[in-house]
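These notes are about the structure you will find just below.
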Amino acid sequence: MNVMDNHMEKYLNAHPFLRETAELQLSLNAAIRPGISPLEIPDTDEVKALNKDGVPLLQHKAYQEKAIQILVAQLPAVLEQLQSLECPQPMQEARRLLAEWTQKQTVDKLVALCGLLLRQEDDKLSAFLQEEQLPEQLLRTVLWQLVEAMVPAPLKDYAFWQKAGWNKNFCPICGRQPVMAHLRKEKEGRARFLLCDGCHTEWPFARVGCVYCGNTDLTKMHILEPEEQTAMRMDVCDVCQSYIKTYNEEGAESVYLHDWATIHLDLLAEEKGLHKKGSSLLA
Ligand SMILES: [Zn+2]
Ligand SMILES: [Zn+2]
């Protein structure tokens, strides 16, 4: 199965240490996407109306329940499908464990699990997974990829949220904090958009300032630019010691708008004692 476009191929040739992760992520995505039934959204006006109060779509009870239903219905089949993907040994073990566990659970328990994930009750979710001795990273990856696949594409488009006037520092669909930012050329200069690592929605946000703590004092912010990678920089906030990776070009979104594609920059930031936020793998 060919899951890479040319941009990605070129990028992986230059960053061979990312190839295994890339193949895994992209084939997981390709395996999940075709089977999923989309979340039914009546019309875009209703979505805008629902988001008027600042509550993300999937934090509204009715939509959260629909999303949980889809997750619970699709999870066993998706895990079954994953068994045939080529992957490294530890992952083979993890996916077998997960598939066996899921088969044995009652619907209520799976509903509880998916509810914790969607409401982002991360401590409770981690405790649950530990108690059941389940591989947390794989489960989070699979469930968030399912969420991403069930949200209709037009709702993930930045232009939609630009029109709807959503400019908060959390995702209008699932409510997660952003993991990355993208500077796009607009009519007047450049505008900043944020990207959700859970459902991969993109939405507009203020051009300057810290996305996470709201600091707008630019003397307390700086930019880290990795020498070998001009397309991607890190905007660092000296107040909360967090950073956001920012893609500041256009054309290679299929590479740079995947958080895992620049995981080496996160390691660099970690060495400097900075905090990463918004990753769907992190509690
Ligand atoms: Zn989201
Ligand atoms: Zn900050």
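Chains: A, B, ... in order of the structure tokens. Residues: from 1 per chain. Ligands: from 1, in order shown.
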Residues of chain A that have any atom at most 9 Å from an atom of ligand 1: could you tabulate them with the shortest-distance atom pair and the distance in Å to one decimal, using only C-alpha atoms and all ligand atoms, ordered by chain and increasing number, as CSV?
residue,atom,partner,partner_atom_place_in_ligand_line,distance
A:Pro56,CA,ligand 1,1 (Zn),8.6
A:Leu58,CA,ligand 1,1 (Zn),8.8
A:Val147,CA,ligand 1,1 (Zn),8.6
A:Glu148,CA,ligand 1,1 (Zn),7.8
A:Lys156,CA,ligand 1,1 (Zn),8.5
A:Phe170,CA,ligand 1,1 (Zn),7.8
A:Cys171,CA,ligand 1,1 (Zn),4.7
A:Pro172,CA,ligand 1,1 (Zn),6.7
A:Ile173,CA,ligand 1,1 (Zn),5.1
A:Cys174,CA,ligand 1,1 (Zn),4.1
A:Gly175,CA,ligand 1,1 (Zn),5.7
A:Arg176,CA,ligand 1,1 (Zn),5.4
A:Gln177,CA,ligand 1,1 (Zn),7.9
A:Pro178,CA,ligand 1,1 (Zn),7.9
A:Leu195,CA,ligand 1,1 (Zn),7.9
A:Cys196,CA,ligand 1,1 (Zn),4.6
A:Asp197,CA,ligand 1,1 (Zn),6.5
A:Gly198,CA,ligand 1,1 (Zn),4.8
A:Cys199,CA,ligand 1,1 (Zn),4.0
A:His200,CA,ligand 1,1 (Zn),5.7
A:Thr201,CA,ligand 1,1 (Zn),5.4
A:Glu202,CA,ligand 1,1 (Zn),8.2
Please save C-alpha atoms of the selected residues as a PDB file, in the first residue's frame.
ATOM      1  CA  PRO A  56     -16.526  22.523  21.199  1.00  0.00           C
ATOM      2  CA  LEU A  58     -17.846  17.021  20.768  1.00  0.00           C
ATOM      3  CA  VAL A 147     -12.096  10.545  15.831  1.00  0.00           C
ATOM      4  CA  GLU A 148     -10.153  12.292  13.089  1.00  0.00           C
ATOM      5  CA  LYS A 156     -11.701  20.464   9.738  1.00  0.00           C
ATOM      6  CA  PHE A 170      -8.647  25.118  21.842  1.00  0.00           C
ATOM      7  CA  CYS A 171     -10.115  23.003  19.061  1.00  0.00           C
ATOM      8  CA  PRO A 172     -13.686  23.873  17.986  1.00  0.00           C
ATOM      9  CA  ILE A 173     -14.468  20.212  17.334  1.00  0.00           C
ATOM     10  CA  CYS A 174     -12.925  18.208  20.181  1.00  0.00           C
ATOM     11  CA  GLY A 175     -11.642  20.877  22.581  1.00  0.00           C
ATOM     12  CA  ARG A 176      -7.966  19.863  22.698  1.00  0.00           C
ATOM     13  CA  GLN A 177      -5.181  22.399  22.970  1.00  0.00           C
ATOM     14  CA  PRO A 178      -3.340  22.826  19.658  1.00  0.00           C
ATOM     15  CA  LEU A 195      -3.788  22.552  14.452  1.00  0.00           C
ATOM     16  CA  CYS A 196      -5.418  19.938  16.677  1.00  0.00           C
ATOM     17  CA  ASP A 197      -3.481  16.711  17.174  1.00  0.00           C
ATOM     18  CA  GLY A 198      -6.652  14.827  18.084  1.00  0.00           C
ATOM     19  CA  CYS A 199      -9.094  15.416  15.229  1.00  0.00           C
ATOM     20  CA  HIS A 200      -6.779  17.447  12.949  1.00  0.00           C
ATOM     21  CA  THR A 201      -9.013  20.479  12.702  1.00  0.00           C
ATOM     22  CA  GLU A 202      -7.354  23.800  11.875  1.00  0.00           C
TER      23      GLU A 202
END
Practice problem: May I have the residues within 10 Å of ligand 2, computed using only C-alpha atoms and all ligand atoms, as an MDAnalysis selection string? | Solution: chainID A and resid 209:217 220:221 235:244
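The shortest atom-to-atom distance to Lys61 in chain A, with only C-alpha atoms taken into account, belongs to A:Arg119 out of A:His275, A:Lys187, A:Lys168, A:Arg119.
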Quiz item: So which residues touch Ala67 in chain A within 8 Å, counting only C-alpha atoms, skipping near sequence neighbours fewer than 3 positions away, as a PyMOL selection string?
Solution: chain A and resi 39+58+63-64+70-71+147+150
Include C-alpha atoms and write out the residues we just selected as a PDB file, in the first residue's frame.
ATOM      1  CA  LEU A  39     -20.289  11.711  12.328  1.00  0.00           C
ATOM      2  CA  LEU A  58     -17.846  17.021  20.768  1.00  0.00           C
ATOM      3  CA  TYR A  63     -22.642  14.861  19.722  1.00  0.00           C
ATOM      4  CA  GLN A  64     -20.355  13.300  22.264  1.00  0.00           C
ATOM      5  CA  ILE A  70     -19.178   5.289  16.486  1.00  0.00           C
ATOM      6  CA  LEU A  71     -15.933   4.649  18.405  1.00  0.00           C
ATOM      7  CA  VAL A 147     -12.096  10.545  15.831  1.00  0.00           C
ATOM      8  CA  MET A 150     -15.240  10.437  11.645  1.00  0.00           C
TER       9      MET A 150
END
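CA of Leu143 in chain A is found 11.8 Å from CA of Leu98 in chain A.
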Exercise. Output as a PyMOL selection string all residues of range 101-251 of chain A that backbone DSSP marks as helix (DSSP H, G or I).
Key: chain A and resi 101-104+107-118+122-131+136-150+153-156+158-164+218-220
Quiz item: Excluding same-chain residues fewer than 6 positions from Val111 in chain A, what lies within 9 Å of it counting only C-alpha atoms, as JSON, numbers by chain?
Solution: {"A": [65, 68, 69, 71, 72]}
Residues as selected, all heavy atoms, written as a PDB file, in the first residue's frame, can you do that?
ATOM      1  N   GLU A  65     -22.197  11.729  22.571  1.00  0.00           N
ATOM      2  CA  GLU A  65     -22.769  10.380  22.591  1.00  0.00           C
ATOM      3  C   GLU A  65     -22.699   9.722  21.213  1.00  0.00           C
ATOM      4  O   GLU A  65     -22.384   8.543  21.096  1.00  0.00           O
ATOM      5  CB  GLU A  65     -24.213  10.429  23.105  1.00  0.00           C
ATOM      6  CG  GLU A  65     -24.239  10.501  24.627  1.00  0.00           C
ATOM      7  CD  GLU A  65     -25.625  10.791  25.201  1.00  0.00           C
ATOM      8  OE1 GLU A  65     -26.601  10.904  24.413  1.00  0.00           O
ATOM      9  OE2 GLU A  65     -25.712  10.914  26.442  1.00  0.00           O
ATOM     10  N   ILE A  68     -19.136   8.639  20.620  1.00  0.00           N
ATOM     11  CA  ILE A  68     -18.786   7.447  21.418  1.00  0.00           C
ATOM     12  C   ILE A  68     -19.381   6.196  20.775  1.00  0.00           C
ATOM     13  O   ILE A  68     -18.709   5.164  20.665  1.00  0.00           O
ATOM     14  CB  ILE A  68     -19.266   7.615  22.882  1.00  0.00           C
ATOM     15  CG1 ILE A  68     -18.428   8.706  23.566  1.00  0.00           C
ATOM     16  CG2 ILE A  68     -19.164   6.298  23.648  1.00  0.00           C
ATOM     17  CD1 ILE A  68     -18.881   9.047  24.976  1.00  0.00           C
ATOM     18  N   GLN A  69     -20.619   6.319  20.326  1.00  0.00           N
ATOM     19  CA  GLN A  69     -21.267   5.180  19.652  1.00  0.00           C
ATOM     20  C   GLN A  69     -20.434   4.704  18.465  1.00  0.00           C
ATOM     21  O   GLN A  69     -20.220   3.511  18.282  1.00  0.00           O
ATOM     22  CB  GLN A  69     -22.626   5.611  19.104  1.00  0.00           C
ATOM     23  CG  GLN A  69     -23.797   5.219  19.980  1.00  0.00           C
ATOM     24  CD  GLN A  69     -25.107   5.759  19.398  1.00  0.00           C
ATOM     25  OE1 GLN A  69     -25.199   6.047  18.203  1.00  0.00           O
ATOM     26  NE2 GLN A  69     -26.090   5.911  20.259  1.00  0.00           N
ATOM     27  N   LEU A  71     -17.202   5.220  17.928  1.00  0.00           N
ATOM     28  CA  LEU A  71     -15.933   4.649  18.405  1.00  0.00           C
ATOM     29  C   LEU A  71     -16.117   3.215  18.882  1.00  0.00           C
ATOM     30  O   LEU A  71     -15.365   2.317  18.504  1.00  0.00           O
ATOM     31  CB  LEU A  71     -15.360   5.495  19.552  1.00  0.00           C
ATOM     32  CG  LEU A  71     -14.787   6.862  19.207  1.00  0.00           C
ATOM     33  CD1 LEU A  71     -14.345   7.582  20.475  1.00  0.00           C
ATOM     34  CD2 LEU A  71     -13.605   6.723  18.249  1.00  0.00           C
ATOM     35  N   VAL A  72     -17.137   3.020  19.720  1.00  0.00           N
ATOM     36  CA  VAL A  72     -17.356   1.689  20.300  1.00  0.00           C
ATOM     37  C   VAL A  72     -17.705   0.678  19.210  1.00  0.00           C
ATOM     38  O   VAL A  72     -17.243  -0.466  19.230  1.00  0.00           O
ATOM     39  CB  VAL A  72     -18.471   1.749  21.391  1.00  0.00           C
ATOM     40  CG1 VAL A  72     -18.901   0.356  21.816  1.00  0.00           C
ATOM     41  CG2 VAL A  72     -17.983   2.557  22.580  1.00  0.00           C
TER      42      VAL A  72
END
